[in-house]
file query18.cif (mmCIF, C-alpha atoms and all ligand atoms)
data_my_file
loop_
_atom_site.group_PDB
_atom_site.id
_atom_site.type_symbol
_atom_site.label_atom_id
_atom_site.label_comp_id
_atom_site.auth_asym_id
_atom_site.auth_seq_id
_atom_site.Cartn_x
_atom_site.Cartn_y
_atom_site.Cartn_z
ATOM 1 C CA MET A 55 140.463 79.111 164.386
ATOM 2 C CA THR A 56 137.190 78.104 166.029
ATOM 3 C CA ALA A 57 133.960 77.279 164.203
ATOM 4 C CA ALA A 58 132.664 80.712 165.256
ATOM 5 C CA ASP A 59 135.473 82.414 163.275
ATOM 6 C CA VAL A 60 134.380 80.849 160.007
ATOM 7 C CA LEU A 61 132.087 83.019 157.907
ATOM 8 C CA ILE A 62 131.157 80.412 155.354
ATOM 9 C CA ARG A 63 132.083 76.783 154.879
ATOM 10 C CA ALA A 64 131.495 73.887 152.542
ATOM 11 C CA ASP A 65 131.965 70.409 153.935
ATOM 12 C CA ARG A 66 132.421 67.680 151.296
ATOM 13 C CA VAL A 67 129.954 69.419 148.978
ATOM 14 C CA THR A 68 128.917 67.659 145.785
ATOM 15 C CA LYS A 69 126.472 69.164 143.307
ATOM 16 C CA ARG A 70 125.167 67.066 140.424
ATOM 17 C CA PHE A 71 122.949 68.067 137.531
ATOM 18 C CA GLY A 72 121.520 64.737 136.367
ATOM 19 C CA ASP A 73 124.549 62.516 135.696
ATOM 20 C CA PHE A 74 126.918 65.481 135.530
ATOM 21 C CA THR A 75 128.992 66.318 138.614
ATOM 22 C CA ALA A 76 129.584 70.095 138.594
ATOM 23 C CA VAL A 77 131.128 70.202 142.110
ATOM 24 C CA ASP A 78 132.812 67.143 143.541
ATOM 25 C CA THR A 79 133.384 66.694 147.289
ATOM 26 C CA VAL A 80 134.693 70.205 147.942
ATOM 27 C CA THR A 81 135.637 71.321 151.457
ATOM 28 C CA MET A 82 136.600 74.963 151.988
ATOM 29 C CA HIS A 83 135.947 77.963 154.202
ATOM 30 C CA VAL A 84 136.436 81.737 154.474
ATOM 31 C CA GLU A 85 137.448 83.589 157.650
ATOM 32 C CA PRO A 86 137.024 87.281 158.526
ATOM 33 C CA GLY A 87 139.552 89.656 156.939
ATOM 34 C CA GLU A 88 140.949 87.193 154.397
ATOM 35 C CA ILE A 89 140.712 87.248 150.620
ATOM 36 C CA VAL A 90 140.188 83.747 149.292
ATOM 37 C CA GLY A 91 140.547 83.300 145.547
ATOM 38 C CA LEU A 92 138.644 80.543 143.810
ATOM 39 C CA LEU A 93 140.534 79.840 140.589
ATOM 40 C CA GLY A 94 139.754 77.562 137.732
ATOM 41 C CA ALA A 95 139.102 77.356 134.018
ATOM 42 C CA ASN A 96 135.656 77.902 132.505
ATOM 43 C CA GLY A 97 133.307 75.218 133.751
ATOM 44 C CA ALA A 98 135.514 74.177 136.691
ATOM 45 C CA GLY A 99 132.542 74.552 139.058
ATOM 46 C CA LYS A 100 133.286 77.888 140.763
ATOM 47 C CA THR A 101 129.876 79.520 140.239
ATOM 48 C CA THR A 102 128.017 76.354 141.167
ATOM 49 C CA LEU A 103 130.001 76.093 144.416
ATOM 50 C CA ILE A 104 129.203 79.739 145.215
ATOM 51 C CA ARG A 105 125.502 79.227 144.533
ATOM 52 C CA VAL A 106 125.475 76.270 146.911
ATOM 53 C CA LEU A 107 127.421 78.242 149.548
ATOM 54 C CA LEU A 108 124.883 81.065 149.345
ATOM 55 C CA GLY A 109 121.899 78.735 149.579
ATOM 56 C CA LEU A 110 120.792 79.535 146.008
ATOM 57 C CA ALA A 111 121.174 75.856 145.109
ATOM 58 C CA LEU A 112 121.040 72.807 147.356
ATOM 59 C CA PRO A 113 124.014 70.461 147.596
ATOM 60 C CA THR A 114 123.398 66.922 146.335
ATOM 61 C CA GLU A 115 125.710 65.686 149.086
ATOM 62 C CA GLY A 116 127.628 67.351 151.891
ATOM 63 C CA SER A 117 126.680 70.465 153.803
ATOM 64 C CA VAL A 118 127.226 74.220 153.838
ATOM 65 C CA ALA A 119 127.009 76.749 156.646
ATOM 66 C CA ALA A 120 126.986 80.542 156.533
ATOM 67 C CA PHE A 121 127.720 82.236 159.865
ATOM 68 C CA GLY A 122 127.338 78.834 161.529
ATOM 69 C CA ARG A 123 123.895 77.963 160.147
ATOM 70 C CA THR A 124 122.142 76.718 157.044
ATOM 71 C CA PRO A 125 122.084 79.586 154.520
ATOM 72 C CA ASP A 126 118.722 81.403 154.465
ATOM 73 C CA ARG A 127 117.309 84.944 154.267
ATOM 74 C CA THR A 128 118.904 85.935 157.583
ATOM 75 C CA THR A 129 122.369 84.854 156.500
ATOM 76 C CA ARG A 130 121.808 86.535 153.101
ATOM 77 C CA ALA A 131 121.414 89.876 154.908
ATOM 78 C CA ARG A 132 124.912 89.468 156.396
ATOM 79 C CA LEU A 133 126.681 89.029 153.076
ATOM 80 C CA GLY A 134 127.164 90.959 149.866
ATOM 81 C CA TYR A 135 127.065 89.065 146.572
ATOM 82 C CA VAL A 136 127.963 90.300 143.122
ATOM 83 C CA PRO A 137 127.061 87.536 140.650
ATOM 84 C CA GLN A 138 128.714 87.216 137.242
ATOM 85 C CA GLY A 139 125.612 88.734 135.629
ATOM 86 C CA LEU A 140 125.703 91.538 138.264
ATOM 87 C CA GLY A 141 122.082 90.999 139.393
ATOM 88 C CA LEU A 142 120.925 94.513 138.431
ATOM 89 C CA TRP A 143 117.544 95.440 136.954
ATOM 90 C CA GLN A 144 118.483 96.642 133.495
ATOM 91 C CA THR A 145 115.301 98.643 132.832
ATOM 92 C CA LEU A 146 115.376 100.448 136.199
ATOM 93 C CA THR A 147 117.539 103.521 136.705
ATOM 94 C CA VAL A 148 120.678 103.514 138.830
ATOM 95 C CA ASP A 149 118.741 105.271 141.620
ATOM 96 C CA GLU A 150 115.834 102.828 141.389
ATOM 97 C CA ASN A 151 118.206 99.843 141.646
ATOM 98 C CA ILE A 152 119.778 101.398 144.731
ATOM 99 C CA THR A 153 116.428 102.203 146.348
ATOM 100 C CA PHE A 154 115.177 98.671 145.695
ATOM 101 C CA ALA A 155 118.269 97.018 147.230
ATOM 102 C CA ALA A 156 118.292 99.434 150.176
ATOM 103 C CA ALA A 157 114.643 98.583 150.909
ATOM 104 C CA ALA A 158 115.331 94.839 150.622
ATOM 105 C CA PHE A 159 118.209 95.025 153.112
ATOM 106 C CA GLY A 160 116.679 97.790 155.270
ATOM 107 C CA ASN A 161 119.666 100.113 155.039
ATOM 108 C CA PRO A 162 120.025 103.711 153.825
ATOM 109 C CA PRO A 163 121.115 104.044 150.168
ATOM 110 C CA PRO A 164 124.909 104.279 149.739
ATOM 111 C CA ASP A 165 126.687 107.485 148.684
ATOM 112 C CA LEU A 166 127.588 107.312 145.029
ATOM 113 C CA ASP A 167 130.938 108.298 143.618
ATOM 114 C CA PRO A 168 130.842 111.041 140.958
ATOM 115 C CA GLY A 169 130.932 108.664 137.960
ATOM 116 C CA LEU A 170 127.801 106.844 139.103
ATOM 117 C CA ALA A 171 126.090 109.972 140.450
ATOM 118 C CA ALA A 172 126.324 111.481 136.944
ATOM 119 C CA VAL A 173 124.197 108.641 135.501
ATOM 120 C CA ARG A 174 121.858 108.124 138.463
ATOM 121 C CA HIS A 175 118.689 108.812 136.409
ATOM 122 C CA ARG A 176 119.664 106.575 133.462
ATOM 123 C CA PRO A 177 118.417 103.000 133.044
ATOM 124 C CA VAL A 178 121.185 100.592 134.043
ATOM 125 C CA GLY A 179 121.017 98.879 130.640
ATOM 126 C CA GLU A 180 122.194 102.163 129.059
ATOM 127 C CA ILE A 181 125.311 102.756 131.175
ATOM 128 C CA GLY A 182 128.689 101.125 130.469
ATOM 129 C CA LEU A 183 129.679 97.745 131.899
ATOM 130 C CA GLY A 184 132.362 99.347 134.098
ATOM 131 C CA LEU A 185 129.770 101.601 135.761
ATOM 132 C CA GLN A 186 127.365 98.678 136.088
ATOM 133 C CA ARG A 187 130.061 96.724 137.933
ATOM 134 C CA GLN A 188 130.728 99.711 140.205
ATOM 135 C CA LEU A 189 127.006 99.963 140.953
ATOM 136 C CA ALA A 190 126.678 96.246 141.731
ATOM 137 C CA PHE A 191 129.697 96.549 144.045
ATOM 138 C CA ALA A 192 128.275 99.646 145.801
ATOM 139 C CA ILE A 193 124.954 97.850 146.315
ATOM 140 C CA ALA A 194 126.674 94.721 147.650
ATOM 141 C CA LEU A 195 128.596 96.828 150.195
ATOM 142 C CA ALA A 196 125.771 99.144 151.234
ATOM 143 C CA HIS A 197 124.569 96.978 154.125
ATOM 144 C CA HIS A 198 128.114 96.501 155.496
ATOM 145 C CA PRO A 199 128.328 92.754 154.899
ATOM 146 C CA GLU A 200 130.596 90.532 156.971
ATOM 147 C CA LEU A 201 131.301 88.439 153.873
ATOM 148 C CA LEU A 202 131.616 89.628 150.298
ATOM 149 C CA VAL A 203 131.258 87.118 147.462
ATOM 150 C CA LEU A 204 132.416 88.319 144.042
ATOM 151 C CA ASP A 205 132.010 86.108 140.971
ATOM 152 C CA GLU A 206 134.428 87.197 138.218
ATOM 153 C CA PRO A 207 134.315 90.847 139.354
ATOM 154 C CA THR A 208 136.873 92.084 136.848
ATOM 155 C CA SER A 209 135.843 90.272 133.694
ATOM 156 C CA GLY A 210 135.468 92.807 130.866
ATOM 157 C CA VAL A 211 136.799 95.641 133.051
ATOM 158 C CA ASP A 212 139.651 97.912 131.909
ATOM 159 C CA PRO A 213 142.984 97.794 133.808
ATOM 160 C CA LEU A 214 142.367 101.029 135.745
ATOM 161 C CA ALA A 215 138.898 99.971 136.913
ATOM 162 C CA ARG A 216 140.334 96.543 137.770
ATOM 163 C CA ALA A 217 143.039 98.105 139.951
ATOM 164 C CA ARG A 218 140.428 100.318 141.655
ATOM 165 C CA LEU A 219 138.206 97.359 142.330
ATOM 166 C CA TRP A 220 141.046 95.400 143.929
ATOM 167 C CA ASP A 221 141.880 98.463 146.053
ATOM 168 C CA ALA A 222 138.291 98.494 147.289
ATOM 169 C CA VAL A 223 138.419 94.742 147.976
ATOM 170 C CA HIS A 224 141.597 95.177 150.058
ATOM 171 C CA ASP A 225 139.990 98.047 152.008
ATOM 172 C CA GLN A 226 137.073 95.768 152.858
ATOM 173 C CA ALA A 227 139.355 92.921 153.940
ATOM 174 C CA ASP A 228 141.444 95.328 156.059
ATOM 175 C CA ALA A 229 138.224 96.349 157.804
ATOM 176 C CA GLY A 230 137.570 92.681 158.671
ATOM 177 C CA THR A 231 135.233 91.573 155.868
ATOM 178 C CA GLY A 232 135.921 88.091 154.504
ATOM 179 C CA ILE A 233 136.121 87.966 150.705
ATOM 180 C CA LEU A 234 135.519 85.045 148.374
ATOM 181 C CA VAL A 235 136.394 85.964 144.808
ATOM 182 C CA THR A 236 136.444 83.881 141.645
ATOM 183 C CA THR A 237 138.643 84.690 138.714
ATOM 184 C CA HIS A 238 140.335 83.052 135.811
ATOM 185 C CA TYR A 239 142.955 85.795 135.592
ATOM 186 C CA MET A 240 145.921 84.106 137.207
ATOM 187 C CA GLN A 241 147.649 87.489 137.778
ATOM 188 C CA GLU A 242 144.809 88.392 140.145
ATOM 189 C CA ALA A 243 145.665 85.408 142.310
ATOM 190 C CA GLN A 244 148.500 87.514 143.746
ATOM 191 C CA GLN A 245 145.890 89.810 145.286
ATOM 192 C CA CYS A 246 144.516 86.937 147.393
ATOM 193 C CA ASP A 247 145.734 85.706 150.789
ATOM 194 C CA ARG A 248 144.811 82.140 149.980
ATOM 195 C CA LEU A 249 143.857 80.292 146.819
ATOM 196 C CA ILE A 250 141.684 77.304 146.060
ATOM 197 C CA LEU A 251 142.197 75.812 142.619
ATOM 198 C CA MET A 252 139.264 74.013 141.046
ATOM 199 C CA SER A 253 139.533 71.621 138.139
ATOM 200 C CA ARG A 254 136.624 69.564 136.777
ATOM 201 C CA GLY A 255 134.551 70.115 139.883
ATOM 202 C CA LYS A 256 137.235 69.228 142.414
ATOM 203 C CA ALA A 257 139.334 71.462 144.661
ATOM 204 C CA VAL A 258 142.696 70.166 143.457
ATOM 205 C CA ALA A 259 145.112 72.487 145.275
ATOM 206 C CA ALA A 260 145.000 75.108 148.009
ATOM 207 C CA GLY A 261 147.359 77.554 149.717
ATOM 208 C CA THR A 262 149.428 80.508 148.615
ATOM 209 C CA GLU A 263 150.630 80.872 145.030
ATOM 210 C CA LYS A 264 154.050 79.590 146.172
ATOM 211 C CA ASP A 265 152.496 76.569 147.928
ATOM 212 C CA ILE A 266 150.510 75.670 144.840
ATOM 213 C CA ILE A 267 153.356 75.988 142.340
ATOM 214 C CA GLY A 268 155.642 73.968 144.625
ATOM 215 C CA ASP A 269 158.581 72.516 142.683
ATOM 216 C CA THR A 270 156.919 72.567 139.277
ATOM 217 C CA THR A 271 159.218 73.965 136.630
ATOM 218 C CA ALA A 272 158.908 75.131 133.038
ATOM 219 C CA CYS A 273 161.393 75.254 130.172
ATOM 220 C CA GLU A 274 162.026 78.555 128.492
ATOM 221 C CA VAL A 275 163.366 78.423 124.936
ATOM 222 C CA ASP A 276 165.669 81.284 123.914
ATOM 223 C CA THR A 277 165.942 81.649 120.168
ATOM 224 C CA PRO A 278 165.425 84.254 117.467
ATOM 225 C CA HIS A 279 163.605 81.453 115.571
ATOM 226 C CA TRP A 280 160.720 81.464 118.039
ATOM 227 C CA ALA A 281 158.001 80.785 115.447
ATOM 228 C CA GLY A 282 159.849 77.739 114.068
ATOM 229 C CA ALA A 283 160.640 76.548 117.603
ATOM 230 C CA PHE A 284 157.006 76.818 118.613
ATOM 231 C CA ALA A 285 155.836 74.914 115.521
ATOM 232 C CA ALA A 286 158.471 72.190 115.987
ATOM 233 C CA LEU A 287 157.636 71.645 119.666
ATOM 234 C CA ASP A 288 153.925 71.678 118.924
ATOM 235 C CA ASN A 289 154.398 69.137 116.112
ATOM 236 C CA ALA A 290 156.358 66.971 118.538
ATOM 237 C CA GLY A 291 153.232 66.861 120.704
ATOM 238 C CA LEU A 292 154.809 68.816 123.573
ATOM 239 C CA PRO A 293 152.689 71.211 125.721
ATOM 240 C CA VAL A 294 154.229 74.397 124.327
ATOM 241 C CA THR A 295 152.810 77.895 124.811
ATOM 242 C CA LEU A 296 153.681 81.154 123.105
ATOM 243 C CA THR A 297 153.269 84.459 124.948
ATOM 244 C CA GLY A 298 154.443 87.296 122.730
ATOM 245 C CA THR A 299 157.633 85.717 121.392
ATOM 246 C CA ARG A 300 158.305 83.730 124.585
ATOM 247 C CA VAL A 301 158.249 79.984 124.021
ATOM 248 C CA ARG A 302 157.643 77.957 127.201
ATOM 249 C CA LEU A 303 156.741 74.420 128.173
ATOM 250 C CA ALA A 304 155.383 73.545 131.602
ATOM 251 C CA ASP A 305 156.596 70.452 133.407
ATOM 252 C CA THR A 306 158.653 69.110 130.490
ATOM 253 C CA PRO A 307 162.249 67.841 130.865
ATOM 254 C CA PRO A 308 164.798 70.186 129.194
ATOM 255 C CA ASP A 309 166.413 67.207 127.416
ATOM 256 C CA THR A 310 163.123 66.350 125.712
ATOM 257 C CA VAL A 311 162.725 69.960 124.560
ATOM 258 C CA ALA A 312 166.344 70.260 123.366
ATOM 259 C CA GLN A 313 166.067 66.965 121.463
ATOM 260 C CA ALA A 314 162.816 68.011 119.698
ATOM 261 C CA LEU A 315 164.469 71.288 118.658
ATOM 262 C CA ARG A 316 167.617 69.522 117.421
ATOM 263 C CA ASP A 317 165.451 67.085 115.411
ATOM 264 C CA ALA A 318 163.843 70.092 113.711
ATOM 265 C CA GLY A 319 167.262 71.676 113.020
ATOM 266 C CA ILE A 320 166.605 74.655 115.340
ATOM 267 C CA THR A 321 169.370 76.132 117.468
ATOM 268 C CA ALA A 322 168.110 77.387 120.818
ATOM 269 C CA ASP A 323 169.027 77.773 124.460
ATOM 270 C CA VAL A 324 166.759 75.795 126.730
ATOM 271 C CA HIS A 325 166.687 76.590 130.421
ATOM 272 C CA GLN A 326 164.572 75.537 133.349
ATOM 273 C CA VAL A 327 162.665 78.179 135.346
ATOM 274 C CA PRO A 328 159.975 78.017 138.058
ATOM 275 C CA ALA A 329 156.515 77.483 136.588
ATOM 276 C CA THR A 330 153.924 80.254 136.732
ATOM 277 C CA LEU A 331 150.573 79.687 138.415
ATOM 278 C CA GLU A 332 148.956 79.486 134.984
ATOM 279 C CA GLU A 333 151.385 76.747 133.970
ATOM 280 C CA GLU A 334 150.779 74.874 137.214
ATOM 281 C CA MET A 335 147.070 75.096 136.460
ATOM 282 C CA THR A 336 147.535 73.493 133.033
ATOM 283 C CA VAL A 337 149.703 70.763 134.583
ATOM 284 C CA ILE A 338 146.983 70.063 137.170
ATOM 285 C CA ASP A 339 144.244 70.114 134.521
ATOM 286 C CA ARG A 340 146.195 67.645 132.368
ATOM 287 C CA ALA A 341 146.587 65.293 135.317
ATOM 288 C CA ALA A 342 143.024 65.646 136.664
ATOM 289 C CA PRO A 343 140.800 62.620 136.098
ATOM 290 C CA ALA A 344 137.693 63.098 133.943
ATOM 291 C CA ARG A 345 134.528 64.169 135.793
ATOM 292 C CA ALA A 346 132.563 61.415 137.473
HETATM 293 N N1 LIG A 401 121.842 74.294 136.045
HETATM 294 C C1 LIG A 401 122.740 73.544 135.423
HETATM 295 N N2 LIG A 401 122.391 72.434 134.747
HETATM 296 C C2 LIG A 401 123.312 71.662 134.122
HETATM 297 N N3 LIG A 401 124.638 71.906 134.132
HETATM 298 C C3 LIG A 401 125.049 73.004 134.785
HETATM 299 C C4 LIG A 401 124.140 73.879 135.462
HETATM 300 N N4 LIG A 401 124.863 74.887 136.045
HETATM 301 C C5 LIG A 401 126.155 74.647 135.714
HETATM 302 N N5 LIG A 401 126.261 73.526 134.977
HETATM 303 C C6 LIG A 401 127.508 72.948 134.451
HETATM 304 O O1 LIG A 401 128.397 72.762 135.536
HETATM 305 C C7 LIG A 401 129.737 73.038 135.127
HETATM 306 C C8 LIG A 401 130.335 74.051 136.076
HETATM 307 O O2 LIG A 401 129.747 75.322 135.799
HETATM 308 P P1 LIG A 401 130.126 76.624 136.623
HETATM 309 O O3 LIG A 401 129.320 77.743 136.049
HETATM 310 O O4 LIG A 401 129.992 76.321 138.056
HETATM 311 O O5 LIG A 401 131.650 76.771 136.249
HETATM 312 P P2 LIG A 401 132.615 77.995 136.505
HETATM 313 O O6 LIG A 401 133.872 77.436 137.046
HETATM 314 O O7 LIG A 401 131.916 79.031 137.298
HETATM 315 O O8 LIG A 401 132.867 78.496 135.035
HETATM 316 P P3 LIG A 401 132.813 79.987 134.433
HETATM 317 O O9 LIG A 401 134.124 80.600 134.776
HETATM 318 O O10 LIG A 401 132.640 79.745 132.973
HETATM 319 O O11 LIG A 401 131.630 80.650 135.059
HETATM 320 C C9 LIG A 401 129.659 73.524 133.686
HETATM 321 O O12 LIG A 401 129.996 72.440 132.822
HETATM 322 C C10 LIG A 401 128.219 73.924 133.512
HETATM 323 O O13 LIG A 401 127.787 73.746 132.169
#

call {"tool": "encode", "arguments": {"input": "query18.cif", "output": "structure tokens", "more": "lines below"}}
Ligand SMILES: Nc1ncnc2c1ncn2[C@@H]1O[C@H](COP(=O)(O)OP(=O)(O)OP(=O)(O)O)[C@@H](O)[C@H]1O
result
Amino acid sequence: MTAADVLIRADRVTKRFGDFTAVDTVTMHVEPGEIVGLLGANGAGKTTLIRVLLGLALPTEGSVAAFGRTPDRTTRARLGYVPQGLGLWQTLTVDENITFAAAAFGNPPPDLDPGLAAVRHRPVGEIGLGLQRQLAFAIALAHHPELLVLDEPTSGVDPLARARLWDAVHDQADAGTGILVTTHYMQEAQQCDRLILMSRGKAVAAGTEKDIIGDTTACEVDTPHWAGAFAALDNAGLPVTLTGTRVRLADTPPDTVAQALRDAGITADVHQVPATLEEEMTVIDRAAPARA
């Protein structure tokens, strides 16, 4: 990879608001044709990092470059951005939003798929969130950006629309567009070529899902008394989670779990399994130092 191959990069970027460090010394980049997932809990610093990358906020320390230069209006024209709030004018119609964006970027308005075409004369504030997301996505793609930045693109979207959106993202990446996408749905991480995990402002892990999970394990507790097992492990101060009736504990020795269950008089099978990405994330968050 040469510097010319990098679409966007952050080099030791820190962003502070007063005494609060929202982004802490983050270095990352996105290349053409790859889908990079920025993962992290609420408040981890994902949106702030994106705003700095796009030139919408200045870094307190460190530097950013888009297409090899300081982000400005010219670089903005080479990327598509769908912010968490979608960036649409709620009181303008679908058509008016499209016309406005097309004029700003100097491109012809995009073709609309039938769902959006049917509501083209309605104010955006009156159409459903799913259609609003589709519109924001169509507008972001209309000028054929080299880089697409999507902040929580699937939040509040039904499973079918979510699958469609990821299909569209893959089509873009296959055509050579670089994608930077934030999410806190860990299942969506599997859609990405590369992940960057943020915790309390820092990039704490990077690579594929497999790289990030590494050797971390979890204990799974097999018992018909799952409610009692959960309560007992929770009372013992262990990091237990319950998904459906599945009782699991990330990064906890099986002996510790078995002992806590025995102490509570609960019979159960305890076995060790590879951790999920979500579990790895909680392990990392537990270990991460408090924000500077
Ligand atoms: N303008 C601001 N002034 C003060 N604090 C801010 C500002 N913008 C963001 N923050 C704080 O910085 C931290 C990181 O926020 P950010 O929105 O970047 O997180 P995030 O990872 O995108 O979370 P979410 O998934 O909830 O959007 C939060 O604690 C937030 O309250």

call {"tool": "closest_residue", "arguments": {"input": "query18.cif", "among": "A:Met252, A:Ala314, A:Ala194, A:Ile152", "to": "ligand LIG 401 (chain A)", "atoms": "only C-alpha atoms and all ligand atoms"}}
result
A:Met252

call {"tool": "residues_near_ligand", "arguments": {"input": "query18.cif", "ligand": "ligand LIG 401 (chain A)", "cutoff": "7 Å", "atoms": "only C-alpha atoms and all ligand atoms", "output": "mmCIF file with C-alpha atoms, keeping the file's coordinate frame"}}
result
data_model
loop_
_atom_site.group_PDB
_atom_site.id
_atom_site.type_symbol
_atom_site.label_atom_id
_atom_site.label_comp_id
_atom_site.auth_asym_id
_atom_site.auth_seq_id
_atom_site.Cartn_x
_atom_site.Cartn_y
_atom_site.Cartn_z
ATOM 1 C CA PHE A 71 122.949 68.067 137.531
ATOM 2 C CA PHE A 74 126.918 65.481 135.530
ATOM 3 C CA ALA A 76 129.584 70.095 138.594
ATOM 4 C CA GLY A 94 139.754 77.562 137.732
ATOM 5 C CA ALA A 95 139.102 77.356 134.018
ATOM 6 C CA ASN A 96 135.656 77.902 132.505
ATOM 7 C CA GLY A 97 133.307 75.218 133.751
ATOM 8 C CA ALA A 98 135.514 74.177 136.691
ATOM 9 C CA GLY A 99 132.542 74.552 139.058
ATOM 10 C CA LYS A 100 133.286 77.888 140.763
ATOM 11 C CA THR A 101 129.876 79.520 140.239
ATOM 12 C CA THR A 102 128.017 76.354 141.167
ATOM 13 C CA LEU A 103 130.001 76.093 144.416
ATOM 14 C CA HIS A 238 140.335 83.052 135.811
ATOM 15 C CA GLY A 255 134.551 70.115 139.883
#

call {"tool": "residues_around", "arguments": {"input": "query18.cif", "residues": "Arg70 of chain A", "least_positions_apart": "5", "cutoff": "12 Å", "atoms": "all atoms listed in the file", "output": "MDAnalysis selection string"}}
result
chainID A and resid 75:79 99 102:103 106 111:116 255 345:346

call {"tool": "resolve_selection", "arguments": {"input": "query18.cif", "expression": "the PyMOL selection byres (((chain A and resi 181-187) around 10) and not hetatm)", "output": "ChimeraX atom specification"}}
result
/A:136,138-142,144,147-148,169-170,173-174,176-180,188-193,207-212,215-216,219

call {"tool": "resolve_selection", "arguments": {"input": "query18.cif", "expression": "the PyMOL selection byres (((chain A and resi 59) around 12) and not hetatm)", "output": "PDB file with C-alpha atoms, keeping the file's coordinate frame"}}
result
ATOM      1  CA  MET A  55     140.463  79.111 164.386  1.00  0.00           C
ATOM      2  CA  THR A  56     137.190  78.104 166.029  1.00  0.00           C
ATOM      3  CA  ALA A  57     133.960  77.279 164.203  1.00  0.00           C
ATOM      4  CA  ALA A  58     132.664  80.712 165.256  1.00  0.00           C
ATOM      5  CA  VAL A  60     134.380  80.849 160.007  1.00  0.00           C
ATOM      6  CA  LEU A  61     132.087  83.019 157.907  1.00  0.00           C
ATOM      7  CA  ILE A  62     131.157  80.412 155.354  1.00  0.00           C
ATOM      8  CA  ARG A  63     132.083  76.783 154.879  1.00  0.00           C
ATOM      9  CA  HIS A  83     135.947  77.963 154.202  1.00  0.00           C
ATOM     10  CA  VAL A  84     136.436  81.737 154.474  1.00  0.00           C
ATOM     11  CA  GLU A  85     137.448  83.589 157.650  1.00  0.00           C
ATOM     12  CA  PRO A  86     137.024  87.281 158.526  1.00  0.00           C
ATOM     13  CA  GLY A  87     139.552  89.656 156.939  1.00  0.00           C
ATOM     14  CA  GLU A  88     140.949  87.193 154.397  1.00  0.00           C
ATOM     15  CA  ALA A 120     126.986  80.542 156.533  1.00  0.00           C
ATOM     16  CA  PHE A 121     127.720  82.236 159.865  1.00  0.00           C
ATOM     17  CA  GLY A 122     127.338  78.834 161.529  1.00  0.00           C
ATOM     18  CA  GLU A 200     130.596  90.532 156.971  1.00  0.00           C
ATOM     19  CA  LEU A 201     131.301  88.439 153.873  1.00  0.00           C
ATOM     20  CA  GLY A 230     137.570  92.681 158.671  1.00  0.00           C
ATOM     21  CA  THR A 231     135.233  91.573 155.868  1.00  0.00           C
ATOM     22  CA  GLY A 232     135.921  88.091 154.504  1.00  0.00           C
TER      23      GLY A 232
END

call {"tool": "residues_around", "arguments": {"input": "query18.cif", "residues": "Ala322 of chain A", "least_positions_apart": "5", "cutoff": "7 Å", "atoms": "all atoms listed in the file", "output": "list in words"}}
result
Val275, Asp276 and Thr277 of chain A

call {"tool": "axis_aligned_box", "arguments": {"input": "query18.cif", "around": "segment 259-271 of chain A", "padding_each_side": "5 Å", "output": "JSON"}}
result
{"center_x": 152.1, "center_y": 76.7, "center_z": 143.2, "size_x": 24.2, "size_y": 18.4, "size_z": 23.1}

call {"tool": "atom_distance", "arguments": {"input": "query18.cif", "atom1": "atom CA of Ala172 of chain A", "atom2": "atom CA of Asp205 of chain A"}}
result
26.3 Å

call {"tool": "resolve_selection", "arguments": {"input": "query18.cif", "expression": "the PyMOL selection byres (((chain A and resi 267) around 8) and not hetatm)", "output": "number ranges by chain"}}
result
A: 263-266, 268-270, 329-331, 334

call {"tool": "closest_residue", "arguments": {"input": "query18.cif", "among": "A:Ile320, A:Ile89, A:Val337, A:Ile233", "to": "Pro278 of chain A", "atoms": "all atoms listed in the file"}}
result
A:Ile320

call {"tool": "atom_distance", "arguments": {"input": "query18.cif", "atom1": "atom CA of Val301 of chain A", "atom2": "atom CA of Glu274 of chain A"}}
result
6.0 Å

call {"tool": "atom_distance", "arguments": {"input": "query18.cif", "atom1": "atom CA of Leu292 of chain A", "atom2": "atom CA of Ala260 of chain A"}}
result
27.1 Å

call {"tool": "build_atoms", "arguments": {"input": "query18.cif", "residues": "segment 314-321 of chain A", "atoms": "N, CA and C atoms", "output": "PDB file, in the coordinates of the input"}}
result
ATOM      1  N   ALA A 314     163.844  67.699 120.714  1.00  0.00           N
ATOM      2  CA  ALA A 314     162.816  68.011 119.698  1.00  0.00           C
ATOM      3  C   ALA A 314     163.277  69.171 118.825  1.00  0.00           C
ATOM      4  N   LEU A 315     163.978  70.141 119.441  1.00  0.00           N
ATOM      5  CA  LEU A 315     164.469  71.288 118.658  1.00  0.00           C
ATOM      6  C   LEU A 315     165.597  70.857 117.727  1.00  0.00           C
ATOM      7  N   ARG A 316     166.507  70.016 118.267  1.00  0.00           N
ATOM      8  CA  ARG A 316     167.617  69.522 117.421  1.00  0.00           C
ATOM      9  C   ARG A 316     167.057  68.754 116.229  1.00  0.00           C
ATOM     10  N   ASP A 317     166.045  67.895 116.487  1.00  0.00           N
ATOM     11  CA  ASP A 317     165.451  67.085 115.411  1.00  0.00           C
ATOM     12  C   ASP A 317     164.882  67.974 114.308  1.00  0.00           C
ATOM     13  N   ALA A 318     164.426  69.180 114.705  1.00  0.00           N
ATOM     14  CA  ALA A 318     163.843  70.092 113.711  1.00  0.00           C
ATOM     15  C   ALA A 318     164.906  71.033 113.127  1.00  0.00           C
ATOM     16  N   GLY A 319     166.168  70.843 113.537  1.00  0.00           N
ATOM     17  CA  GLY A 319     167.262  71.676 113.020  1.00  0.00           C
ATOM     18  C   GLY A 319     167.249  73.093 113.564  1.00  0.00           C
ATOM     19  N   ILE A 320     166.686  73.292 114.772  1.00  0.00           N
ATOM     20  CA  ILE A 320     166.605  74.655 115.340  1.00  0.00           C
ATOM     21  C   ILE A 320     167.601  74.797 116.486  1.00  0.00           C
ATOM     22  N   THR A 321     168.406  75.859 116.404  1.00  0.00           N
ATOM     23  CA  THR A 321     169.370  76.132 117.468  1.00  0.00           C
ATOM     24  C   THR A 321     168.695  77.016 118.514  1.00  0.00           C
TER      25      THR A 321
END
